[in-house]
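Pasted below: model_5.pdb, PDB, C-alpha atoms and all ligand atoms.
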```
ATOM      1  CA  MET A   1     -20.615   9.621  -8.293
ATOM      2  CA  ALA A   2     -16.863   9.212  -7.780
ATOM      3  CA  ARG A   3     -15.145  12.021  -5.863
ATOM      4  CA  HIS A   4     -12.108  12.052  -8.138
ATOM      5  CA  ASP A   5     -11.846  11.707 -11.888
ATOM      6  CA  PHE A   6      -9.341   9.138 -13.114
ATOM      7  CA  SER A   7     -10.947   8.703 -16.552
ATOM      8  CA  ASP A   8      -8.332   7.798 -19.179
ATOM      9  CA  LYS A   9      -5.820   7.266 -16.363
ATOM     10  CA  VAL A  10      -3.981   4.125 -15.354
ATOM     11  CA  ALA A  11      -3.522   2.979 -11.763
ATOM     12  CA  LEU A  12      -1.041   0.320 -10.689
ATOM     13  CA  VAL A  13      -1.650  -1.272  -7.278
ATOM     14  CA  THR A  14       0.594  -3.776  -5.468
ATOM     15  CA  GLY A  15      -0.803  -6.037  -2.793
ATOM     16  CA  ALA A  16      -3.917  -5.734  -4.955
ATOM     17  CA  GLY A  17      -5.321  -9.019  -3.684
ATOM     18  CA  GLY A  18      -5.388  -7.867  -0.064
ATOM     19  CA  GLY A  19      -7.959  -5.844   1.847
ATOM     20  CA  ILE A  20      -6.610  -2.341   1.247
ATOM     21  CA  GLY A  21      -5.205  -3.065  -2.226
ATOM     22  CA  ARG A  22      -8.480  -4.521  -3.458
ATOM     23  CA  ALA A  23     -10.465  -1.593  -2.064
ATOM     24  CA  ALA A  24      -8.033   0.800  -3.789
ATOM     25  CA  CYS A  25      -8.498  -1.016  -7.123
ATOM     26  CA  ILE A  26     -12.282  -0.819  -6.790
ATOM     27  CA  GLU A  27     -12.206   2.891  -5.895
ATOM     28  CA  PHE A  28      -9.818   3.685  -8.767
ATOM     29  CA  ALA A  29     -12.085   1.741 -11.140
ATOM     30  CA  ARG A  30     -15.178   3.602  -9.913
ATOM     31  CA  ALA A  31     -13.291   6.827 -10.631
ATOM     32  CA  GLY A  32     -12.651   5.673 -14.219
ATOM     33  CA  ALA A  33      -9.076   4.326 -14.101
ATOM     34  CA  ALA A  34      -7.780   1.211 -15.847
ATOM     35  CA  LEU A  35      -6.129  -1.091 -13.307
ATOM     36  CA  ALA A  36      -2.991  -3.197 -13.134
ATOM     37  CA  CYS A  37      -3.535  -5.438 -10.096
ATOM     38  CA  VAL A  38      -0.242  -6.874  -8.792
ATOM     39  CA  ASP A  39       0.036  -9.538  -6.111
ATOM     40  CA  VAL A  40       2.350 -12.439  -5.290
ATOM     41  CA  ASP A  41      -0.771 -14.578  -4.975
ATOM     42  CA  ALA A  42      -2.168 -15.205  -8.471
ATOM     43  CA  ALA A  43      -5.683 -16.142  -7.348
ATOM     44  CA  ARG A  44      -5.982 -12.968  -5.266
ATOM     45  CA  ALA A  45      -4.710 -10.739  -8.087
ATOM     46  CA  GLN A  46      -7.146 -12.368 -10.502
ATOM     47  CA  ALA A  47     -10.072 -12.019  -8.087
ATOM     48  CA  THR A  48      -9.426  -8.288  -7.778
ATOM     49  CA  ALA A  49      -9.099  -7.833 -11.545
ATOM     50  CA  ALA A  50     -12.373  -9.763 -11.968
ATOM     51  CA  ALA A  51     -14.079  -7.525  -9.385
ATOM     52  CA  VAL A  52     -12.966  -4.453 -11.352
ATOM     53  CA  ARG A  53     -14.251  -5.962 -14.610
ATOM     54  CA  ASP A  54     -17.577  -6.783 -12.893
ATOM     55  CA  LEU A  55     -17.913  -3.041 -12.304
ATOM     56  CA  GLY A  56     -17.394  -2.461 -16.032
ATOM     57  CA  GLY A  57     -13.783  -1.392 -15.547
ATOM     58  CA  ARG A  58     -10.588  -2.436 -17.348
ATOM     59  CA  ALA A  59      -8.104  -4.526 -15.379
ATOM     60  CA  ILE A  60      -5.213  -6.917 -15.748
ATOM     61  CA  ALA A  61      -3.891  -9.240 -13.046
ATOM     62  CA  LEU A  62      -0.107  -9.449 -12.707
ATOM     63  CA  VAL A  63       1.725 -11.924 -10.499
ATOM     64  CA  ALA A  64       4.926 -10.587  -8.935
ATOM     65  CA  ASP A  65       6.924 -10.821  -5.750
ATOM     66  CA  VAL A  66       7.755  -7.187  -4.987
ATOM     67  CA  THR A  67      11.101  -8.166  -3.428
ATOM     68  CA  ASP A  68      12.359  -9.476  -6.788
ATOM     69  CA  ALA A  69      13.839  -6.689  -8.952
ATOM     70  CA  ALA A  70      13.229  -8.576 -12.212
ATOM     71  CA  ALA A  71       9.597  -9.222 -11.235
ATOM     72  CA  VAL A  72       9.116  -5.522 -10.444
ATOM     73  CA  GLU A  73      10.568  -4.518 -13.822
ATOM     74  CA  ARG A  74       8.173  -7.039 -15.375
ATOM     75  CA  TYR A  75       5.021  -5.739 -13.671
ATOM     76  CA  VAL A  76       5.922  -2.209 -14.773
ATOM     77  CA  ALA A  77       6.637  -3.343 -18.351
ATOM     78  CA  ASP A  78       3.448  -5.439 -18.506
ATOM     79  CA  THR A  79       1.382  -2.467 -17.321
ATOM     80  CA  LEU A  80       2.880  -0.326 -20.087
ATOM     81  CA  VAL A  81       2.181  -3.007 -22.690
ATOM     82  CA  ALA A  82      -1.462  -3.228 -21.563
ATOM     83  CA  PHE A  83      -2.246   0.438 -20.945
ATOM     84  CA  GLY A  84       0.685   2.566 -22.177
ATOM     85  CA  ARG A  85       1.233   4.668 -19.044
ATOM     86  CA  ILE A  86       1.102   4.791 -15.236
ATOM     87  CA  ASP A  87      -0.633   7.789 -13.670
ATOM     88  CA  ALA A  88      -1.170   6.529 -10.126
ATOM     89  CA  PHE A  89       0.903   3.989  -8.230
ATOM     90  CA  ALA A  90      -0.347   2.526  -4.931
ATOM     91  CA  ASN A  91       2.867   0.993  -3.574
ATOM     92  CA  ASN A  92       0.950  -1.046  -1.046
ATOM     93  CA  ALA A  93       2.097  -4.678  -0.698
ATOM     94  CA  GLY A  94       3.058  -5.477   2.873
ATOM     95  CA  TYR A  95       3.609  -8.199   5.416
ATOM     96  CA  GLN A  96       3.346  -7.919   9.188
ATOM     97  CA  GLY A  97       5.803 -10.708  10.057
ATOM     98  CA  ARG A  98       5.625 -13.030  13.027
ATOM     99  CA  LEU A  99       4.670 -11.589  16.399
ATOM    100  CA  LEU A 100       7.606 -12.184  18.755
ATOM    101  CA  PRO A 101       9.743 -10.140  21.155
ATOM    102  CA  LEU A 102      12.867  -8.676  19.562
ATOM    103  CA  VAL A 103      15.197 -10.951  21.549
ATOM    104  CA  ASP A 104      13.435 -13.999  20.073
ATOM    105  CA  TYR A 105      12.924 -12.620  16.554
ATOM    106  CA  PRO A 106      14.103 -15.032  13.835
ATOM    107  CA  ASP A 107      16.721 -13.314  11.675
ATOM    108  CA  ASP A 108      15.303 -14.697   8.436
ATOM    109  CA  GLU A 109      11.834 -13.388   9.338
ATOM    110  CA  PHE A 110      13.317  -9.948  10.082
ATOM    111  CA  ASP A 111      14.936  -9.980   6.626
ATOM    112  CA  ARG A 112      11.705 -11.086   4.959
ATOM    113  CA  VAL A 113       9.629  -8.290   6.497
ATOM    114  CA  ILE A 114      12.224  -5.676   5.532
ATOM    115  CA  ALA A 115      12.453  -7.156   2.032
ATOM    116  CA  ILE A 116       8.713  -6.931   1.372
ATOM    117  CA  ASN A 117       7.890  -3.659   3.125
ATOM    118  CA  LEU A 118      11.044  -1.664   2.367
ATOM    119  CA  ARG A 119      12.979  -3.201  -0.544
ATOM    120  CA  GLY A 120       9.691  -3.946  -2.338
ATOM    121  CA  ALA A 121       8.567  -0.333  -1.916
ATOM    122  CA  TYR A 122      12.005   0.940  -3.035
ATOM    123  CA  LEU A 123      12.022  -1.219  -6.171
ATOM    124  CA  GLY A 124       8.471  -0.143  -7.032
ATOM    125  CA  LEU A 125       9.365   3.527  -6.615
ATOM    126  CA  LYS A 126      12.524   3.151  -8.669
ATOM    127  CA  HIS A 127      10.918   1.518 -11.682
ATOM    128  CA  VAL A 128       7.581   3.352 -11.644
ATOM    129  CA  LEU A 129       9.201   6.775 -11.152
ATOM    130  CA  ARG A 130      11.357   6.125 -14.221
ATOM    131  CA  VAL A 131       8.126   5.755 -16.218
ATOM    132  CA  MET A 132       6.534   8.820 -14.602
ATOM    133  CA  LEU A 133       9.661  10.899 -15.321
ATOM    134  CA  ARG A 134       9.461   9.909 -19.008
ATOM    135  CA  GLN A 135       5.761  10.854 -19.024
ATOM    136  CA  GLY A 136       6.365  14.067 -17.059
ATOM    137  CA  SER A 137       3.501  13.276 -14.689
ATOM    138  CA  GLY A 138       2.234  10.870 -12.052
ATOM    139  CA  ALA A 139       1.627  10.370  -8.355
ATOM    140  CA  VAL A 140       2.741   7.646  -5.956
ATOM    141  CA  VAL A 141       1.058   6.721  -2.703
ATOM    142  CA  ASN A 142       2.971   4.323  -0.461
ATOM    143  CA  THR A 143       1.234   2.458   2.345
ATOM    144  CA  GLY A 144       2.923   3.088   5.684
ATOM    145  CA  SER A 145       1.261   2.493   9.039
ATOM    146  CA  ILE A 146       0.895   4.080  12.432
ATOM    147  CA  GLY A 147       3.839   1.702  12.933
ATOM    148  CA  SER A 148       5.747   4.339  10.903
ATOM    149  CA  PHE A 149       5.636   6.489  14.068
ATOM    150  CA  ILE A 150       5.330   4.128  17.041
ATOM    151  CA  GLY A 151       6.944   0.805  17.957
ATOM    152  CA  TYR A 152       5.269  -2.526  18.642
ATOM    153  CA  GLY A 153       6.654  -4.884  21.294
ATOM    154  CA  GLY A 154       6.060  -7.917  19.087
ATOM    155  CA  LEU A 155       6.559  -6.496  15.593
ATOM    156  CA  CYS A 156      10.047  -4.948  15.566
ATOM    157  CA  ALA A 157      10.748  -5.678  11.898
ATOM    158  CA  TYR A 158       7.363  -4.320  10.814
ATOM    159  CA  ALA A 159       7.791  -1.059  12.755
ATOM    160  CA  ALA A 160      11.386  -0.701  11.533
ATOM    161  CA  SER A 161      10.332  -1.230   7.913
ATOM    162  CA  LYS A 162       7.430   1.224   8.135
ATOM    163  CA  HIS A 163       9.554   3.903   9.867
ATOM    164  CA  ALA A 164      12.151   3.507   7.101
ATOM    165  CA  LEU A 165       9.439   3.746   4.450
ATOM    166  CA  ILE A 166       8.778   7.347   5.511
ATOM    167  CA  GLY A 167      12.430   8.264   4.896
ATOM    168  CA  LEU A 168      12.308   6.490   1.563
ATOM    169  CA  SER A 169       9.088   8.251   0.582
ATOM    170  CA  LYS A 170      10.339  11.723   1.549
ATOM    171  CA  SER A 171      13.591  11.133  -0.359
ATOM    172  CA  ALA A 172      11.719   9.904  -3.425
ATOM    173  CA  ALA A 173       9.432  12.948  -3.231
ATOM    174  CA  LEU A 174      12.396  15.335  -3.114
ATOM    175  CA  SER A 175      14.147  13.567  -5.971
ATOM    176  CA  VAL A 176      11.271  14.241  -8.394
ATOM    177  CA  ALA A 177       9.622  17.343  -6.884
ATOM    178  CA  LYS A 178      10.778  19.729  -9.634
ATOM    179  CA  THR A 179       8.904  17.657 -12.216
ATOM    180  CA  GLY A 180       5.521  17.901 -10.459
ATOM    181  CA  ILE A 181       5.478  14.155  -9.800
ATOM    182  CA  ARG A 182       4.379  13.581  -6.201
ATOM    183  CA  VAL A 183       5.136  10.880  -3.619
ATOM    184  CA  ASN A 184       3.148  10.559  -0.393
ATOM    185  CA  THR A 185       2.373   7.896   2.203
ATOM    186  CA  VAL A 186      -0.902   6.861   3.830
ATOM    187  CA  CYS A 187      -0.456   5.595   7.383
ATOM    188  CA  PRO A 188      -3.397   3.485   8.502
ATOM    189  CA  GLY A 189      -4.071   2.347  12.016
ATOM    190  CA  GLY A 190      -5.770  -1.004  12.522
ATOM    191  CA  THR A 191      -7.838  -1.752   9.399
ATOM    192  CA  GLU A 192     -10.319  -4.573   8.838
ATOM    193  CA  THR A 193      -8.250  -6.882   6.612
ATOM    194  CA  GLU A 194      -6.605 -10.281   6.868
ATOM    195  CA  MET A 195      -3.449  -8.637   8.179
ATOM    196  CA  ILE A 196      -5.069  -7.339  11.356
ATOM    197  CA  ARG A 197      -6.855 -10.664  11.841
ATOM    198  CA  ALA A 198      -3.511 -12.491  11.636
ATOM    199  CA  ILE A 199      -2.021 -10.118  14.226
ATOM    200  CA  GLU A 200      -5.048 -10.545  16.483
ATOM    201  CA  ALA A 201      -4.886 -14.332  16.221
ATOM    202  CA  ALA A 202      -1.323 -14.228  17.561
ATOM    203  CA  LEU A 203      -2.291 -12.099  20.602
ATOM    204  CA  PRO A 204      -3.960 -13.057  23.871
ATOM    205  CA  ARG A 205      -7.691 -12.192  23.646
ATOM    206  CA  ASP A 206      -7.569  -9.352  26.201
ATOM    207  CA  GLU A 207      -4.685  -7.704  24.365
ATOM    208  CA  ALA A 208      -6.576  -7.861  21.065
ATOM    209  CA  ALA A 209      -9.565  -6.156  22.755
ATOM    210  CA  ARG A 210      -7.232  -3.486  24.197
ATOM    211  CA  MET A 211      -6.031  -2.674  20.666
ATOM    212  CA  ILE A 212      -9.543  -1.553  19.751
ATOM    213  CA  SER A 213     -10.260   0.250  23.016
ATOM    214  CA  ALA A 214      -7.076   2.304  22.434
ATOM    215  CA  ILE A 215      -8.660   3.809  19.289
ATOM    216  CA  PRO A 216     -10.340   7.104  20.291
ATOM    217  CA  ASP A 217     -13.241   6.768  17.840
ATOM    218  CA  GLY A 218     -13.769   3.196  19.041
ATOM    219  CA  ARG A 219     -13.274   1.237  15.841
ATOM    220  CA  ARG A 220     -10.845   0.113  13.184
ATOM    221  CA  ALA A 221     -10.765   1.600   9.706
ATOM    222  CA  TRP A 222     -12.566   0.033   6.783
ATOM    223  CA  PRO A 223     -10.248  -0.674   3.827
ATOM    224  CA  GLU A 224     -12.402   1.676   1.727
ATOM    225  CA  GLU A 225     -11.498   4.584   4.032
ATOM    226  CA  ILE A 226      -7.808   3.969   3.369
ATOM    227  CA  ALA A 227      -8.495   3.502  -0.344
ATOM    228  CA  ARG A 228     -10.320   6.832  -0.619
ATOM    229  CA  THR A 229      -7.364   8.591   0.997
ATOM    230  CA  ILE A 230      -5.043   6.906  -1.506
ATOM    231  CA  LEU A 231      -7.226   8.243  -4.330
ATOM    232  CA  PHE A 232      -7.212  11.737  -2.843
ATOM    233  CA  LEU A 233      -3.406  11.795  -2.608
ATOM    234  CA  ALA A 234      -3.097  10.428  -6.158
ATOM    235  CA  SER A 235      -5.571  12.985  -7.508
ATOM    236  CA  ASP A 236      -5.117  16.535  -8.766
ATOM    237  CA  ASP A 237      -6.886  17.757  -5.600
ATOM    238  CA  ALA A 238      -3.588  16.973  -3.839
ATOM    239  CA  SER A 239      -1.542  18.815  -6.476
ATOM    240  CA  HIS A 240       0.709  20.667  -3.968
ATOM    241  CA  ILE A 241       1.072  17.801  -1.465
ATOM    242  CA  THR A 242       4.291  15.814  -1.660
ATOM    243  CA  GLY A 243       6.650  14.113   0.787
ATOM    244  CA  GLN A 244       3.828  13.855   3.317
ATOM    245  CA  SER A 245       2.477  11.082   5.522
ATOM    246  CA  LEU A 246      -1.244  11.104   6.205
ATOM    247  CA  VAL A 247      -2.377   9.164   9.281
ATOM    248  CA  ILE A 248      -5.807   7.505   9.189
ATOM    249  CA  ASP A 249      -6.305   6.071  12.646
ATOM    250  CA  GLY A 250      -9.476   7.320  14.362
ATOM    251  CA  GLY A 251      -7.313   9.552  16.567
ATOM    252  CA  ARG A 252      -4.991   6.798  17.853
ATOM    253  CA  LEU A 253      -1.821   8.912  17.508
ATOM    254  CA  ALA A 254      -3.449  12.129  18.697
ATOM    255  CA  GLY A 255      -3.231  11.373  22.409
TER     256      GLY A 255
HETATM  257  N1  LIG A 301      -4.608  -3.933   8.019
HETATM  258  C1  LIG A 301      -4.024  -3.093   8.839
HETATM  259  O1  LIG A 301      -4.405  -2.979  10.025
HETATM  260  C2  LIG A 301      -2.901  -2.223   8.353
HETATM  261  C3  LIG A 301      -2.505  -1.148   9.176
HETATM  262  C4  LIG A 301      -1.474  -0.326   8.752
HETATM  263  C5  LIG A 301      -0.861  -0.547   7.536
HETATM  264  N2  LIG A 301      -1.269  -1.590   6.763
HETATM  265  C6  LIG A 301      -0.545  -1.776   5.488
HETATM  266  O2  LIG A 301      -1.477  -1.822   4.428
HETATM  267  C7  LIG A 301      -0.917  -2.552   3.329
HETATM  268  C8  LIG A 301      -1.932  -3.554   2.830
HETATM  269  O3  LIG A 301      -2.209  -4.464   3.872
HETATM  270  P1  LIG A 301      -3.638  -5.171   4.093
HETATM  271  O4  LIG A 301      -4.103  -4.768   5.427
HETATM  272  O5  LIG A 301      -4.478  -4.961   2.898
HETATM  273  O6  LIG A 301      -3.132  -6.664   4.235
HETATM  274  P2  LIG A 301      -3.536  -8.003   3.452
HETATM  275  O7  LIG A 301      -2.758  -9.060   4.167
HETATM  276  O8  LIG A 301      -5.000  -8.111   3.342
HETATM  277  O9  LIG A 301      -2.946  -7.757   2.002
HETATM  278  C9  LIG A 301      -1.567  -7.753   1.712
HETATM  279  C10 LIG A 301      -1.418  -8.226   0.269
HETATM  280  O10 LIG A 301      -0.039  -8.091  -0.084
HETATM  281  C11 LIG A 301       0.322  -9.258  -0.810
HETATM  282  N3  LIG A 301       1.765  -9.483  -0.681
HETATM  283  C12 LIG A 301       2.439  -9.899   0.425
HETATM  284  N4  LIG A 301       3.729 -10.081   0.127
HETATM  285  C13 LIG A 301       3.888  -9.754  -1.182
HETATM  286  C14 LIG A 301       4.997  -9.742  -2.061
HETATM  287  N5  LIG A 301       6.226 -10.114  -1.654
HETATM  288  N6  LIG A 301       4.807  -9.346  -3.348
HETATM  289  C15 LIG A 301       3.563  -8.973  -3.773
HETATM  290  N7  LIG A 301       2.475  -8.983  -2.976
HETATM  291  C16 LIG A 301       2.632  -9.361  -1.696
HETATM  292  C17 LIG A 301      -0.468 -10.372  -0.155
HETATM  293  O11 LIG A 301      -0.582 -11.526  -1.011
HETATM  294  C18 LIG A 301      -1.801  -9.702   0.096
HETATM  295  O12 LIG A 301      -2.702  -9.860  -0.980
HETATM  296  C19 LIG A 301       0.376  -3.176   3.865
HETATM  297  O13 LIG A 301       1.483  -2.414   3.435
HETATM  298  C20 LIG A 301       0.214  -3.073   5.369
HETATM  299  O14 LIG A 301       1.448  -3.047   6.039
HETATM  300  C21 LIG A 301      -2.263  -2.426   7.131
END
```
Could you rewrite the structure in this file as structure tokens?
Ligand SMILES: NC(=O)c1ccc[n+]([C@@H]2O[C@H](COP(=O)([O-])OP(=O)(O)OC[C@H]3O[C@@H](n4cnc5c(N)ncnc54)[C@H](O)[C@@H]3O)[C@@H](O)[C@H]2O)c1
Amino acid sequence: MARHDFSDKVALVTGAGGGIGRAACIEFARAGAALACVDVDAARAQATAAAVRDLGGRAIALVADVTDAAAVERYVADTLVAFGRIDAFANNAGYQGRLLPLVDYPDDEFDRVIAINLRGAYLGLKHVLRVMLRQGSGAVVNTGSIGSFIGYGGLCAYAASKHALIGLSKSAALSVAKTGIRVNTVCPGGTETEMIRAIEAALPRDEAARMISAIPDGRRAWPEEIARTILFLASDDASHITGQSLVIDGGRLAG
């Protein structure tokens, strides 16, 4: 039995082909939502949409690069053509960037990380909130990171983009608060997806092991744990929560 009821509702998820995005699509589908699954990688978007349909849900796959304003307008328009509305938006696509010290960071890689994690989130908010304002309802959940609150020696662009995302999210929340539309951010710690495996692969083995031992509950998150928090924040159970960042990190930031 799903915890939240999204029957007759429409959820739009970016980065839908990745670990957290796919888990969010599955959880939304289990809760009754129709899904628009957006990813820059067509095969990944289609695989997620197929997984939703396998559950008996309704889903379309949409291919878009979230950094491209025209592509963002298109994924929003295509969702409206398919389903007529957008009730929940998981603004989730992200990229960790290369792992290098700041003094060696390639400028074009810095720009790319900021473009995906910050500009992509901004464009998604801009075009989806326009739809939600016309509807008079909706909820957005951005995906931040514990890197929204702490720095990483090798991931300066990632941490900068995720810190900035919190300012963007709070500002978006304030700009629509009077309408009842809500904007929040989930901030995962290390989560079992391809992203963390790519980061690990770029680290010396002992440092990768230290990343896990620094987590007070002794493990990384499962993507489903992040997805369920996204559903909570998008649901009516969170009806008075807006402009917030919810950390899901096994206690990593508590100490
Ligand atoms: N995995 C972690 O440990 C972790 C921790 C904190 C935050 N996050 C955040 O969670 C979100 C999801 O990451 P994940 O762990 O599922 O990673 P993932 O690498 O499994 O998935 C990311 C997805 O985003 C897609 N994507 C990348 N660039 C895109 C673009 N320009 N346009 C559209 N789609 C694009 C990728 O194709 C991929 O399917 C990201 O915002 C990430 O920063 C992840």
Enumerate, in order of chain and increasing residue number, the residues of chain A with an atom no farther than 7 Å from ligand LIG 301 (chain A), each with its shortest atom pair and distance in Å to one decimal, counting all atoms listed in the file, as JSON lines.
```
{"residue": "A:Thr14", "atom": "CA", "partner": "A:LIG301", "partner_atom": "N7", "distance": 6.1}
{"residue": "A:Gly15", "atom": "CA", "partner": "A:LIG301", "partner_atom": "O10", "distance": 3.5}
{"residue": "A:Ala16", "atom": "CA", "partner": "A:LIG301", "partner_atom": "O12", "distance": 5.9}
{"residue": "A:Gly17", "atom": "CA", "partner": "A:LIG301", "partner_atom": "O12", "distance": 3.9}
{"residue": "A:Gly18", "atom": "CA", "partner": "A:LIG301", "partner_atom": "O9", "distance": 3.2}
{"residue": "A:Gly19", "atom": "CA", "partner": "A:LIG301", "partner_atom": "O5", "distance": 3.7}
{"residue": "A:Ile20", "atom": "CA", "partner": "A:LIG301", "partner_atom": "O5", "distance": 3.8}
{"residue": "A:Gly21", "atom": "CA", "partner": "A:LIG301", "partner_atom": "O5", "distance": 5.5}
{"residue": "A:Val38", "atom": "CA", "partner": "A:LIG301", "partner_atom": "C15", "distance": 6.6}
{"residue": "A:Asp39", "atom": "CA", "partner": "A:LIG301", "partner_atom": "N7", "distance": 4.0}
{"residue": "A:Val40", "atom": "CA", "partner": "A:LIG301", "partner_atom": "C15", "distance": 4.0}
{"residue": "A:Asp41", "atom": "CA", "partner": "A:LIG301", "partner_atom": "O11", "distance": 5.0}
{"residue": "A:Arg44", "atom": "CA", "partner": "A:LIG301", "partner_atom": "O12", "distance": 6.2}
{"residue": "A:Ala64", "atom": "CA", "partner": "A:LIG301", "partner_atom": "C15", "distance": 5.6}
{"residue": "A:Asp65", "atom": "CA", "partner": "A:LIG301", "partner_atom": "N6", "distance": 3.5}
{"residue": "A:Val66", "atom": "CA", "partner": "A:LIG301", "partner_atom": "N6", "distance": 4.0}
{"residue": "A:Thr67", "atom": "CA", "partner": "A:LIG301", "partner_atom": "N5", "distance": 5.5}
{"residue": "A:Asn92", "atom": "CA", "partner": "A:LIG301", "partner_atom": "O13", "distance": 4.7}
{"residue": "A:Ala93", "atom": "CA", "partner": "A:LIG301", "partner_atom": "O10", "distance": 4.1}
{"residue": "A:Gly94", "atom": "CA", "partner": "A:LIG301", "partner_atom": "O13", "distance": 3.5}
{"residue": "A:Tyr95", "atom": "CA", "partner": "A:LIG301", "partner_atom": "C12", "distance": 5.4}
{"residue": "A:Gln96", "atom": "CA", "partner": "A:LIG301", "partner_atom": "O14", "distance": 6.1}
{"residue": "A:Ile116", "atom": "CA", "partner": "A:LIG301", "partner_atom": "N5", "distance": 5.0}
{"residue": "A:Asn117", "atom": "CA", "partner": "A:LIG301", "partner_atom": "O13", "distance": 6.5}
{"residue": "A:Thr143", "atom": "CA", "partner": "A:LIG301", "partner_atom": "O13", "distance": 5.0}
{"residue": "A:Gly144", "atom": "CA", "partner": "A:LIG301", "partner_atom": "C5", "distance": 5.6}
{"residue": "A:Ser145", "atom": "CA", "partner": "A:LIG301", "partner_atom": "C4", "distance": 3.9}
{"residue": "A:Ile146", "atom": "CA", "partner": "A:LIG301", "partner_atom": "C4", "distance": 6.2}
{"residue": "A:Cys187", "atom": "CA", "partner": "A:LIG301", "partner_atom": "C5", "distance": 6.2}
{"residue": "A:Pro188", "atom": "CA", "partner": "A:LIG301", "partner_atom": "C4", "distance": 4.3}
{"residue": "A:Gly189", "atom": "CA", "partner": "A:LIG301", "partner_atom": "C3", "distance": 4.8}
{"residue": "A:Gly190", "atom": "CA", "partner": "A:LIG301", "partner_atom": "O1", "distance": 3.5}
{"residue": "A:Thr191", "atom": "CA", "partner": "A:LIG301", "partner_atom": "O1", "distance": 3.7}
{"residue": "A:Glu192", "atom": "CA", "partner": "A:LIG301", "partner_atom": "N1", "distance": 5.8}
{"residue": "A:Thr193", "atom": "CA", "partner": "A:LIG301", "partner_atom": "O8", "distance": 4.8}
{"residue": "A:Glu194", "atom": "CA", "partner": "A:LIG301", "partner_atom": "O8", "distance": 4.4}
{"residue": "A:Met195", "atom": "CA", "partner": "A:LIG301", "partner_atom": "O7", "distance": 4.1}
{"residue": "A:Ile196", "atom": "CA", "partner": "A:LIG301", "partner_atom": "O1", "distance": 4.6}
```
Spatial sel., origin (-1.4, 10.7, -6.7), limit 6 Å, all atoms listed in the file, listed as a list in words: Ala88, Ala139, Val140, Leu233, Ala234 and Ser235 of chain A
Explicit residue set for the PyMOL selection byres (((chain A and resi 156-165) around 9) and not hetatm), as number ranges by chain: A: 95-97, 99-102, 105, 109-118, 121-122, 142-155, 166-170, 185
Go ahead and fit an axis-aligned box to every listed atom of range 28-45 of chain A plus 4 Å each side, and pass me the centre and edge lengths in Å, one decimal, as AutoDock Vina command-line options.
```
--center_x -6.4 --center_y -4.7 --center_z -10.4 --size_x 25.5 --size_y 31.0 --size_z 18.9
```
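Distance annotation: of A:Arg182, A:Arg53, A:Arg22, A:Arg220, the residue with the minimal separation from Ser239 in chain A is A:Arg182; atom set is all atoms listed in the file.
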Taking the block above, write range 195-206 of chain A with N, CA and C atoms as a compact mmCIF listing (two decimals), in the first residue's frame.
```txt
# COMPACT_ATOMS: atom_id res chain seq x y z
N MET A 195 26.30 7.58 -9.77
CA MET A 195 27.07 8.79 -9.45
C MET A 195 28.10 8.51 -8.36
N ILE A 196 27.68 7.84 -7.30
CA ILE A 196 28.62 7.61 -6.20
C ILE A 196 29.70 6.61 -6.65
N ARG A 197 29.32 5.70 -7.53
CA ARG A 197 30.32 4.73 -8.01
C ARG A 197 31.37 5.45 -8.87
N ALA A 198 30.94 6.44 -9.64
CA ALA A 198 31.90 7.21 -10.46
C ALA A 198 32.84 8.01 -9.56
N ILE A 199 32.30 8.57 -8.48
CA ILE A 199 33.14 9.34 -7.55
C ILE A 199 34.14 8.40 -6.88
N GLU A 200 33.63 7.26 -6.44
CA GLU A 200 34.50 6.26 -5.77
C GLU A 200 35.63 5.81 -6.67
N ALA A 201 35.29 5.58 -7.95
CA ALA A 201 36.29 5.07 -8.90
C ALA A 201 37.43 6.06 -9.09
N ALA A 202 37.15 7.35 -8.84
CA ALA A 202 38.18 8.38 -9.02
C ALA A 202 38.99 8.62 -7.75
N LEU A 203 38.66 7.90 -6.66
CA LEU A 203 39.34 8.11 -5.38
C LEU A 203 40.28 6.95 -5.07
N PRO A 204 41.35 7.19 -4.31
CA PRO A 204 42.13 6.07 -3.81
C PRO A 204 41.23 5.18 -2.93
N ARG A 205 41.49 3.87 -2.92
CA ARG A 205 40.61 2.91 -2.25
C ARG A 205 40.37 3.25 -0.77
N ASP A 206 41.44 3.65 -0.06
CA ASP A 206 41.26 3.93 1.38
C ASP A 206 40.37 5.15 1.60
```
